[in-house]
file upload08.cif (mmCIF, C-alpha atoms)
data_upload
#
loop_
_atom_site.group_PDB
_atom_site.id
_atom_site.type_symbol
_atom_site.label_atom_id
_atom_site.label_comp_id
_atom_site.auth_asym_id
_atom_site.auth_seq_id
_atom_site.Cartn_x
_atom_site.Cartn_y
_atom_site.Cartn_z
ATOM 1 C CA MET A 26 -18.817 38.193 -20.612
ATOM 2 C CA LYS A 27 -21.563 35.902 -19.267
ATOM 3 C CA CYS A 28 -20.008 32.964 -21.061
ATOM 4 C CA THR A 29 -16.677 33.675 -19.351
ATOM 5 C CA ASN A 30 -18.317 33.861 -15.905
ATOM 6 C CA ALA A 31 -20.195 30.623 -16.530
ATOM 7 C CA PHE A 32 -16.919 28.949 -17.529
ATOM 8 C CA LEU A 33 -15.177 30.205 -14.380
ATOM 9 C CA VAL A 34 -17.980 28.858 -12.186
ATOM 10 C CA PHE A 35 -17.906 25.511 -14.022
ATOM 11 C CA PHE A 36 -14.113 25.365 -13.786
ATOM 12 C CA SER A 37 -13.968 26.179 -10.073
ATOM 13 C CA LEU A 38 -16.789 23.792 -9.088
ATOM 14 C CA CYS A 39 -16.139 20.860 -11.401
ATOM 15 C CA LEU A 40 -12.597 20.860 -12.696
ATOM 16 C CA LEU A 41 -10.477 22.612 -10.069
ATOM 17 C CA PRO A 42 -10.816 19.808 -7.480
ATOM 18 C CA PHE A 43 -9.250 17.392 -9.976
ATOM 19 C CA PHE A 44 -6.294 19.707 -10.476
ATOM 20 C CA SER A 45 -5.625 19.859 -6.735
ATOM 21 C CA PHE A 46 -5.613 16.049 -6.564
ATOM 22 C CA ALA A 47 -3.354 15.898 -9.607
ATOM 23 C CA GLN A 48 -0.519 16.543 -7.195
ATOM 24 C CA LEU A 49 -0.273 12.756 -6.965
ATOM 25 C CA ASN A 50 2.672 11.787 -9.105
ATOM 26 C CA ASP A 51 4.957 8.756 -9.241
ATOM 27 C CA SER A 52 7.393 10.256 -6.756
ATOM 28 C CA LEU A 53 4.647 10.978 -4.250
ATOM 29 C CA MET A 54 3.133 7.497 -4.661
ATOM 30 C CA ILE A 55 6.553 5.913 -4.046
ATOM 31 C CA ASN A 56 6.878 8.080 -0.930
ATOM 32 C CA PHE A 57 3.458 6.856 0.282
ATOM 33 C CA TYR A 58 4.349 3.214 -0.381
ATOM 34 C CA ASN A 59 7.693 3.629 1.408
ATOM 35 C CA LYS A 60 6.044 5.210 4.459
ATOM 36 C CA THR A 61 3.575 2.330 4.558
ATOM 37 C CA LEU A 62 6.347 -0.282 4.317
ATOM 38 C CA ILE A 63 8.313 1.435 7.087
ATOM 39 C CA TYR A 64 5.222 1.641 9.298
ATOM 40 C CA TYR A 65 4.038 -1.918 8.597
ATOM 41 C CA PHE A 66 7.429 -3.612 8.968
ATOM 42 C CA SER A 67 8.752 -2.030 12.132
ATOM 43 C CA ASP A 68 12.516 -1.676 12.372
ATOM 44 C CA THR A 69 12.367 -3.115 15.894
ATOM 45 C CA THR A 70 10.758 -6.418 14.860
ATOM 46 C CA THR A 71 12.110 -9.033 12.476
ATOM 47 C CA ASN A 72 9.414 -10.581 10.283
ATOM 48 C CA LYS A 73 8.999 -14.377 10.499
ATOM 49 C CA ASP A 74 9.616 -14.756 6.744
ATOM 50 C CA MET A 75 12.821 -12.750 7.086
ATOM 51 C CA LEU A 76 14.043 -15.132 9.776
ATOM 52 C CA LYS A 77 13.122 -18.283 7.838
ATOM 53 C CA TYR A 78 13.783 -17.269 4.205
ATOM 54 C CA GLY A 79 16.158 -14.307 4.399
ATOM 55 C CA SER A 80 13.734 -11.882 2.737
ATOM 56 C CA ILE A 81 10.134 -10.664 2.630
ATOM 57 C CA LEU A 82 8.242 -10.977 -0.667
ATOM 58 C CA VAL A 83 6.267 -7.893 -1.724
ATOM 59 C CA LYS A 84 4.113 -7.416 -4.834
ATOM 60 C CA ALA A 85 3.447 -3.778 -5.728
ATOM 61 C CA ASP A 86 1.811 -2.212 -8.779
ATOM 62 C CA ILE A 87 4.258 0.690 -8.948
ATOM 63 C CA ASP A 88 7.922 1.048 -9.884
ATOM 64 C CA THR A 89 9.585 -1.079 -7.218
ATOM 65 C CA GLY A 90 13.078 0.162 -8.087
ATOM 66 C CA ALA A 91 12.596 3.225 -5.879
ATOM 67 C CA LEU A 92 11.009 1.425 -2.918
ATOM 68 C CA VAL A 93 12.971 0.900 0.295
ATOM 69 C CA LYS A 94 15.026 -2.284 0.169
ATOM 70 C CA SER A 95 14.950 -2.881 3.915
ATOM 71 C CA VAL A 96 13.492 -1.720 7.209
ATOM 72 C CA GLY A 97 15.693 -2.618 10.166
ATOM 73 C CA LYS A 98 16.676 -6.267 9.672
ATOM 74 C CA ASN A 99 13.803 -6.867 7.249
ATOM 75 C CA ARG A 100 14.943 -7.093 3.599
ATOM 76 C CA PHE A 101 12.476 -7.014 0.710
ATOM 77 C CA LYS A 102 12.276 -8.770 -2.661
ATOM 78 C CA PHE A 103 9.780 -7.097 -5.002
ATOM 79 C CA CYS A 104 7.714 -8.097 -7.992
ATOM 80 C CA THR A 105 5.065 -6.174 -9.902
ATOM 81 C CA ASP A 106 2.987 -9.029 -11.284
ATOM 82 C CA GLN A 107 1.513 -12.203 -9.787
ATOM 83 C CA SER A 108 3.266 -14.267 -12.460
ATOM 84 C CA GLU A 109 6.649 -12.904 -11.287
ATOM 85 C CA VAL A 110 6.281 -14.310 -7.766
ATOM 86 C CA LYS A 111 8.004 -17.538 -8.799
ATOM 87 C CA ASN A 112 11.073 -15.540 -9.888
ATOM 88 C CA ILE A 113 11.678 -14.228 -6.354
ATOM 89 C CA LEU A 114 11.050 -17.449 -4.403
ATOM 90 C CA SER A 115 13.800 -19.322 -2.605
ATOM 91 C CA LEU A 116 14.993 -22.547 -4.193
ATOM 92 C CA PRO A 117 13.945 -25.296 -4.023
ATOM 93 C CA TYR A 118 10.400 -24.017 -4.556
ATOM 94 C CA GLN A 119 8.867 -26.537 -2.135
ATOM 95 C CA LYS A 120 10.660 -24.817 0.785
ATOM 96 C CA ASN A 121 8.348 -21.779 0.322
ATOM 97 C CA GLN A 122 5.211 -23.560 1.555
ATOM 98 C CA GLY A 123 3.591 -21.365 4.222
ATOM 99 C CA ARG A 124 5.504 -18.258 3.134
ATOM 100 C CA THR A 125 3.715 -14.936 2.734
ATOM 101 C CA VAL A 126 3.530 -12.754 -0.367
ATOM 102 C CA TYR A 127 2.575 -9.245 0.798
ATOM 103 C CA VAL A 128 0.523 -7.295 -1.753
ATOM 104 C CA MET A 129 0.588 -3.489 -1.699
ATOM 105 C CA SER A 130 -2.210 -1.537 -3.312
ATOM 106 C CA ASP A 131 -3.679 1.932 -3.199
ATOM 107 C CA LYS A 132 -7.278 3.107 -3.149
ATOM 108 C CA THR A 133 -8.461 6.621 -3.922
ATOM 109 C CA ILE A 134 -10.939 7.677 -1.230
ATOM 110 C CA GLY A 135 -11.682 11.207 -2.410
ATOM 111 C CA LEU A 136 -10.117 14.132 -4.169
ATOM 112 C CA ASP A 137 -7.729 14.637 -1.282
ATOM 113 C CA SER A 138 -7.432 11.166 0.278
ATOM 114 C CA LEU A 139 -5.612 7.994 -0.663
ATOM 115 C CA ASP A 140 -5.244 4.710 1.225
ATOM 116 C CA VAL A 141 -2.275 2.369 0.899
ATOM 117 C CA ASN A 142 -2.928 -1.182 2.028
ATOM 118 C CA ILE A 143 -0.877 -4.300 2.561
ATOM 119 C CA ASP A 144 -2.789 -7.521 2.074
ATOM 120 C CA GLY A 145 -1.306 -10.897 1.542
ATOM 121 C CA TYR A 146 -1.336 -14.391 0.184
ATOM 122 C CA THR A 147 -0.003 -17.498 1.843
ATOM 123 C CA ILE A 148 1.841 -19.944 -0.408
ATOM 124 C CA ILE A 149 0.024 -23.262 -0.023
ATOM 125 C CA GLU A 150 2.095 -25.150 -2.547
ATOM 126 C CA ALA A 151 5.021 -24.183 -4.742
ATOM 127 C CA GLY A 152 6.499 -26.299 -7.477
ATOM 128 C CA GLU A 153 8.344 -26.116 -10.745
ATOM 129 C CA ASN A 154 5.151 -25.560 -12.773
ATOM 130 C CA ALA A 155 2.685 -23.855 -10.459
ATOM 131 C CA ILE A 156 2.167 -21.941 -7.238
ATOM 132 C CA THR A 157 -1.014 -22.238 -5.174
ATOM 133 C CA LEU A 158 -1.844 -19.151 -3.101
ATOM 134 C CA ARG A 159 -4.535 -18.455 -0.483
ATOM 135 C CA LYS A 160 -5.694 -14.834 -0.095
ATOM 136 C CA TRP A 161 -5.957 -13.367 3.394
ATOM 137 C CA ALA A 162 -9.367 -12.296 4.679
ATOM 138 C CA ARG A 163 -9.486 -8.619 5.700
ATOM 139 C CA GLY A 164 -12.704 -8.591 7.719
ATOM 140 C CA GLU A 165 -15.983 -6.758 7.409
ATOM 141 C CA THR A 166 -14.934 -3.259 8.461
ATOM 142 C CA TYR A 167 -12.621 -1.488 6.031
ATOM 143 C CA ILE A 168 -9.659 0.074 7.807
ATOM 144 C CA PRO A 169 -6.658 0.987 5.666
ATOM 145 C CA ASP A 170 -3.081 0.318 6.727
ATOM 146 C CA MET A 171 -2.207 3.941 5.986
ATOM 147 C CA ARG A 172 -4.329 6.913 4.866
ATOM 148 C CA PHE A 173 -2.779 9.953 3.212
ATOM 149 C CA MET A 174 -4.824 13.154 3.246
ATOM 150 C CA TYR A 175 -3.994 16.459 1.613
ATOM 151 C CA ASP A 176 -4.231 19.392 4.029
ATOM 152 C CA LYS A 177 -4.972 22.440 1.888
ATOM 153 C CA ASN A 178 -4.186 24.859 4.725
ATOM 154 C CA ALA A 179 -0.738 23.380 5.299
ATOM 155 C CA ALA A 180 -0.309 22.597 1.581
ATOM 156 C CA ALA A 181 1.076 19.190 2.561
ATOM 157 C CA TRP A 182 0.108 15.540 2.660
ATOM 158 C CA MET A 183 -0.593 14.184 6.153
ATOM 159 C CA PHE A 184 -0.742 10.528 7.041
ATOM 160 C CA ILE A 185 -2.843 8.575 9.499
ATOM 161 C CA SER A 186 -2.048 4.991 10.455
ATOM 162 C CA GLY A 187 -4.628 2.238 10.330
ATOM 163 C CA GLU A 188 -4.244 1.926 14.096
ATOM 164 C CA GLU A 189 -5.268 5.571 14.543
ATOM 165 C CA ILE A 190 -8.272 5.118 12.234
ATOM 166 C CA SER A 191 -9.270 1.961 14.118
ATOM 167 C CA ASN A 192 -9.049 3.799 17.452
ATOM 168 C CA GLN A 193 -11.201 6.638 16.063
ATOM 169 C CA LYS A 194 -13.857 4.158 14.873
ATOM 170 C CA MET A 195 -13.854 2.392 18.255
ATOM 171 C CA GLU A 196 -14.262 5.732 20.007
ATOM 172 C CA GLU A 197 -17.190 6.647 17.733
ATOM 173 C CA MET A 198 -18.859 3.288 18.462
ATOM 174 C CA ARG A 199 -18.601 3.894 22.205
ATOM 175 C CA LYS A 200 -20.538 7.168 21.933
#
call {"tool": "encode", "arguments": {"input": "upload08.cif", "output": "structure tokens"}}
result
Amino acid sequence: MKCTNAFLVFFSLCLLPFFSFAQLNDSLMINFYNKTLIYYFSDTTTNKDMLKYGSILVKADIDTGALVKSVGKNRFKFCTDQSEVKNILSLPYQKNQGRTVYVMSDKTIGLDSLDVNIDGYTIIEAGENAITLRKWARGETYIPDMRFMYDKNAAAWMFISGEEISNQKMEEMRK
């Protein structure tokens, strides 16, 4: 009987938190990425790359087939690997100089929190054989583009925009 009680204590303290976070599945991750795309690329603003090239390039490490194809007038072309970027560029390749490749990624913050970020690269040079990219600098203070937190009381995932997190940090600094 003592062995069973010890197992229950071990299970509830060590293993149970992982099972609650296991709610993250492919469908949920796609939902998080879609919400981030919709938030980041407002339907009221047309992205400069959309205006110049007719699409926005996005690299994501998840199944891009289920991601939103457009937000407002902004249309997306997706790839899942850096080497695939060339396949989604406009022809001739040289016309893509200065274009942005947005890179979506996720970062686990805790057992009940996940950030989805959009970083980017600027195409410095694009040719038949090679593409030269420059990575964007994000700054010293980490603020995600979107944070998803699991609310156990509501049994639902809540999301907080990077703007809200930034405002909270500014408010804390003022105190």
call {"tool": "closest_residue", "arguments": {"input": "upload08.cif", "among": "A:Asp86, A:Pro117, A:Gln193, A:Val141", "to": "Met174 of chain A", "atoms": "all atoms listed in the file"}}
result
A:Val141
call {"tool": "resolve_selection", "arguments": {"input": "upload08.cif", "expression": "the PyMOL selection byres ((chain A and resi 134) around 12)", "output": "PyMOL selection string"}}
result
chain A and resi 46+131-133+135-141+167-169+171-175
call {"tool": "resolve_selection", "arguments": {"input": "upload08.cif", "expression": "the PyMOL selection byres ((chain A and resi 87) around 9)", "output": "PyMOL selection string"}}
result
chain A and resi 51+54-55+58+85-86+88-90+105+130
call {"tool": "atom_distance", "arguments": {"input": "upload08.cif", "atom1": "atom CA of Ile63 of chain A", "atom2": "atom CA of Gly145 of chain A"}}
result
16.6 Å
call {"tool": "atom_distance", "arguments": {"input": "upload08.cif", "atom1": "atom CA of Val83 of chain A", "atom2": "atom CA of Val128 of chain A"}}
result
5.8 Å
call {"tool": "atom_distance", "arguments": {"input": "upload08.cif", "atom1": "atom CA of Gly123 of chain A", "atom2": "atom CA of Thr70 of chain A"}}
result
19.7 Å
call {"tool": "residues_around", "arguments": {"input": "upload08.cif", "residues": "segment 151-153 of chain A", "least_positions_apart": "4", "cutoff": "7 Å", "atoms": "all atoms listed in the file", "output": "PDB file with C-alpha atoms, keeping the file's coordinate frame"}}
result
ATOM      1  CA  TYR A 118      10.400 -24.017  -4.556  1.00  0.00           C
ATOM      2  CA  GLN A 119       8.867 -26.537  -2.135  1.00  0.00           C
ATOM      3  CA  ASN A 121       8.348 -21.779   0.322  1.00  0.00           C
ATOM      4  CA  GLN A 122       5.211 -23.560   1.555  1.00  0.00           C
ATOM      5  CA  THR A 157      -1.014 -22.238  -5.174  1.00  0.00           C
TER       6      THR A 157
END
call {"tool": "residues_near_point", "arguments": {"input": "upload08.cif", "point": "(6.7, -8.1, 0.2)", "cutoff": "8 Å", "atoms": "only C-alpha atoms", "output": "list in words"}}
result
Ile81, Leu82, Val83, Lys84, Phe101, Lys102, Phe103, Thr125, Val126, Tyr127, Val128 and Met129 of chain A
call {"tool": "resolve_selection", "arguments": {"input": "upload08.cif", "expression": "the PyMOL selection byres ((chain A and resi 108) around 12)", "output": "ChimeraX atom specification"}}
result
/A:84,104-107,109-114,154-158
call {"tool": "closest_residue", "arguments": {"input": "upload08.cif", "among": "A:Arg159, A:Glu165, A:Arg199, A:Asp170", "to": "Phe66 of chain A", "atoms": "only C-alpha atoms"}}
result
A:Asp170
call {"tool": "closest_residue", "arguments": {"input": "upload08.cif", "among": "A:Thr69, A:Trp161, A:Asn99, A:Tyr64", "to": "Tyr146 of chain A", "atoms": "only C-alpha atoms"}}
result
A:Trp161
call {"tool": "closest_residue", "arguments": {"input": "upload08.cif", "among": "A:Ser80, A:Asn50, A:Asn56, A:Lys73", "to": "Met183 of chain A", "atoms": "all atoms listed in the file"}}
result
A:Asn56
call {"tool": "closest_residue", "arguments": {"input": "upload08.cif", "among": "A:Gly79, A:Val96, A:Thr147, A:Leu53", "to": "Ser67 of chain A", "atoms": "all atoms listed in the file"}}
result
A:Val96
call {"tool": "build_atoms", "arguments": {"input": "upload08.cif", "residues": "segment 65-98 of chain A", "atoms": "N, CA and C atoms", "output": "PDB file, in the coordinates of the input"}}
result
ATOM      1  N   TYR A  65       4.536  -0.544   8.486  1.00  0.00           N
ATOM      2  CA  TYR A  65       4.038  -1.918   8.597  1.00  0.00           C
ATOM      3  C   TYR A  65       5.109  -2.876   9.099  1.00  0.00           C
ATOM      4  N   PHE A  66       6.319  -2.744   8.574  1.00  0.00           N
ATOM      5  CA  PHE A  66       7.429  -3.612   8.968  1.00  0.00           C
ATOM      6  C   PHE A  66       8.354  -2.828   9.883  1.00  0.00           C
ATOM      7  N   SER A  67       8.003  -2.797  11.138  1.00  0.00           N
ATOM      8  CA  SER A  67       8.752  -2.030  12.132  1.00  0.00           C
ATOM      9  C   SER A  67      10.226  -2.406  12.112  1.00  0.00           C
ATOM     10  N   ASP A  68      11.080  -1.408  12.335  1.00  0.00           N
ATOM     11  CA  ASP A  68      12.516  -1.676  12.372  1.00  0.00           C
ATOM     12  C   ASP A  68      12.947  -2.337  13.680  1.00  0.00           C
ATOM     13  N   THR A  69      12.027  -2.478  14.620  1.00  0.00           N
ATOM     14  CA  THR A  69      12.367  -3.115  15.894  1.00  0.00           C
ATOM     15  C   THR A  69      11.951  -4.586  15.926  1.00  0.00           C
ATOM     16  N   THR A  70      11.220  -5.040  14.908  1.00  0.00           N
ATOM     17  CA  THR A  70      10.758  -6.418  14.860  1.00  0.00           C
ATOM     18  C   THR A  70      11.235  -7.068  13.569  1.00  0.00           C
ATOM     19  N   THR A  71      11.701  -8.298  13.666  1.00  0.00           N
ATOM     20  CA  THR A  71      12.110  -9.033  12.476  1.00  0.00           C
ATOM     21  C   THR A  71      10.971  -9.950  12.067  1.00  0.00           C
ATOM     22  N   ASN A  72      10.519  -9.805  10.827  1.00  0.00           N
ATOM     23  CA  ASN A  72       9.414 -10.581  10.283  1.00  0.00           C
ATOM     24  C   ASN A  72       9.772 -12.060  10.250  1.00  0.00           C
ATOM     25  N   LYS A  73       8.760 -12.928  10.482  1.00  0.00           N
ATOM     26  CA  LYS A  73       8.999 -14.377  10.499  1.00  0.00           C
ATOM     27  C   LYS A  73       9.551 -14.890   9.171  1.00  0.00           C
ATOM     28  N   ASP A  74       9.086 -14.330   8.041  1.00  0.00           N
ATOM     29  CA  ASP A  74       9.616 -14.756   6.744  1.00  0.00           C
ATOM     30  C   ASP A  74      11.074 -14.343   6.582  1.00  0.00           C
ATOM     31  N   MET A  75      11.433 -13.203   7.145  1.00  0.00           N
ATOM     32  CA  MET A  75      12.821 -12.750   7.086  1.00  0.00           C
ATOM     33  C   MET A  75      13.706 -13.748   7.820  1.00  0.00           C
ATOM     34  N   LEU A  76      13.263 -14.185   8.979  1.00  0.00           N
ATOM     35  CA  LEU A  76      14.043 -15.132   9.776  1.00  0.00           C
ATOM     36  C   LEU A  76      14.194 -16.479   9.064  1.00  0.00           C
ATOM     37  N   LYS A  77      13.109 -16.952   8.453  1.00  0.00           N
ATOM     38  CA  LYS A  77      13.122 -18.283   7.838  1.00  0.00           C
ATOM     39  C   LYS A  77      13.705 -18.305   6.425  1.00  0.00           C
ATOM     40  N   TYR A  78      13.415 -17.247   5.621  1.00  0.00           N
ATOM     41  CA  TYR A  78      13.783 -17.269   4.205  1.00  0.00           C
ATOM     42  C   TYR A  78      14.837 -16.238   3.814  1.00  0.00           C
ATOM     43  N   GLY A  79      15.149 -15.318   4.700  1.00  0.00           N
ATOM     44  CA  GLY A  79      16.158 -14.307   4.399  1.00  0.00           C
ATOM     45  C   GLY A  79      15.639 -13.078   3.678  1.00  0.00           C
ATOM     46  N   SER A  80      14.324 -13.064   3.381  1.00  0.00           N
ATOM     47  CA  SER A  80      13.734 -11.882   2.737  1.00  0.00           C
ATOM     48  C   SER A  80      12.218 -11.942   2.869  1.00  0.00           C
ATOM     49  N   ILE A  81      11.587 -10.800   2.613  1.00  0.00           N
ATOM     50  CA  ILE A  81      10.134 -10.664   2.630  1.00  0.00           C
ATOM     51  C   ILE A  81       9.694 -10.383   1.195  1.00  0.00           C
ATOM     52  N   LEU A  82       8.735 -11.143   0.705  1.00  0.00           N
ATOM     53  CA  LEU A  82       8.242 -10.977  -0.667  1.00  0.00           C
ATOM     54  C   LEU A  82       7.130  -9.935  -0.700  1.00  0.00           C
ATOM     55  N   VAL A  83       7.264  -8.956  -1.608  1.00  0.00           N
ATOM     56  CA  VAL A  83       6.267  -7.893  -1.724  1.00  0.00           C
ATOM     57  C   VAL A  83       5.914  -7.692  -3.193  1.00  0.00           C
ATOM     58  N   LYS A  84       4.614  -7.742  -3.491  1.00  0.00           N
ATOM     59  CA  LYS A  84       4.113  -7.416  -4.834  1.00  0.00           C
ATOM     60  C   LYS A  84       3.530  -6.015  -4.770  1.00  0.00           C
ATOM     61  N   ALA A  85       3.956  -5.150  -5.676  1.00  0.00           N
ATOM     62  CA  ALA A  85       3.447  -3.778  -5.728  1.00  0.00           C
ATOM     63  C   ALA A  85       3.208  -3.399  -7.182  1.00  0.00           C
ATOM     64  N   ASP A  86       2.175  -2.598  -7.418  1.00  0.00           N
ATOM     65  CA  ASP A  86       1.811  -2.212  -8.779  1.00  0.00           C
ATOM     66  C   ASP A  86       2.475  -0.917  -9.236  1.00  0.00           C
ATOM     67  N   ILE A  87       3.536  -0.515  -8.550  1.00  0.00           N
ATOM     68  CA  ILE A  87       4.258   0.690  -8.948  1.00  0.00           C
ATOM     69  C   ILE A  87       5.717   0.322  -9.189  1.00  0.00           C
ATOM     70  N   ASP A  88       6.502   1.279  -9.632  1.00  0.00           N
ATOM     71  CA  ASP A  88       7.922   1.048  -9.884  1.00  0.00           C
ATOM     72  C   ASP A  88       8.608   0.665  -8.577  1.00  0.00           C
ATOM     73  N   THR A  89       8.999  -0.593  -8.465  1.00  0.00           N
ATOM     74  CA  THR A  89       9.585  -1.079  -7.218  1.00  0.00           C
ATOM     75  C   THR A  89      11.057  -0.705  -7.075  1.00  0.00           C
ATOM     76  N   GLY A  90      11.664  -0.207  -8.137  1.00  0.00           N
ATOM     77  CA  GLY A  90      13.078   0.162  -8.087  1.00  0.00           C
ATOM     78  C   GLY A  90      13.369   1.268  -7.087  1.00  0.00           C
ATOM     79  N   ALA A  91      12.385   2.107  -6.800  1.00  0.00           N
ATOM     80  CA  ALA A  91      12.596   3.225  -5.879  1.00  0.00           C
ATOM     81  C   ALA A  91      12.059   2.942  -4.471  1.00  0.00           C
ATOM     82  N   LEU A  92      11.514   1.750  -4.250  1.00  0.00           N
ATOM     83  CA  LEU A  92      11.009   1.425  -2.918  1.00  0.00           C
ATOM     84  C   LEU A  92      12.159   1.051  -1.987  1.00  0.00           C
ATOM     85  N   VAL A  93      11.935   1.234  -0.685  1.00  0.00           N
ATOM     86  CA  VAL A  93      12.971   0.900   0.295  1.00  0.00           C
ATOM     87  C   VAL A  93      13.316  -0.574   0.172  1.00  0.00           C
ATOM     88  N   LYS A  94      14.572  -0.896   0.305  1.00  0.00           N
ATOM     89  CA  LYS A  94      15.026  -2.284   0.169  1.00  0.00           C
ATOM     90  C   LYS A  94      15.002  -3.018   1.498  1.00  0.00           C
ATOM     91  N   SER A  95      14.985  -2.250   2.600  1.00  0.00           N
ATOM     92  CA  SER A  95      14.950  -2.881   3.915  1.00  0.00           C
ATOM     93  C   SER A  95      14.411  -1.904   4.950  1.00  0.00           C
ATOM     94  N   VAL A  96      13.906  -2.480   6.037  1.00  0.00           N
ATOM     95  CA  VAL A  96      13.492  -1.720   7.209  1.00  0.00           C
ATOM     96  C   VAL A  96      14.056  -2.485   8.397  1.00  0.00           C
ATOM     97  N   GLY A  97      15.013  -1.894   9.091  1.00  0.00           N
ATOM     98  CA  GLY A  97      15.693  -2.618  10.166  1.00  0.00           C
ATOM     99  C   GLY A  97      16.370  -3.849   9.585  1.00  0.00           C
ATOM    100  N   LYS A  98      16.093  -5.010  10.168  1.00  0.00           N
ATOM    101  CA  LYS A  98      16.676  -6.267   9.672  1.00  0.00           C
ATOM    102  C   LYS A  98      15.833  -6.914   8.580  1.00  0.00           C
TER     103      LYS A  98
END
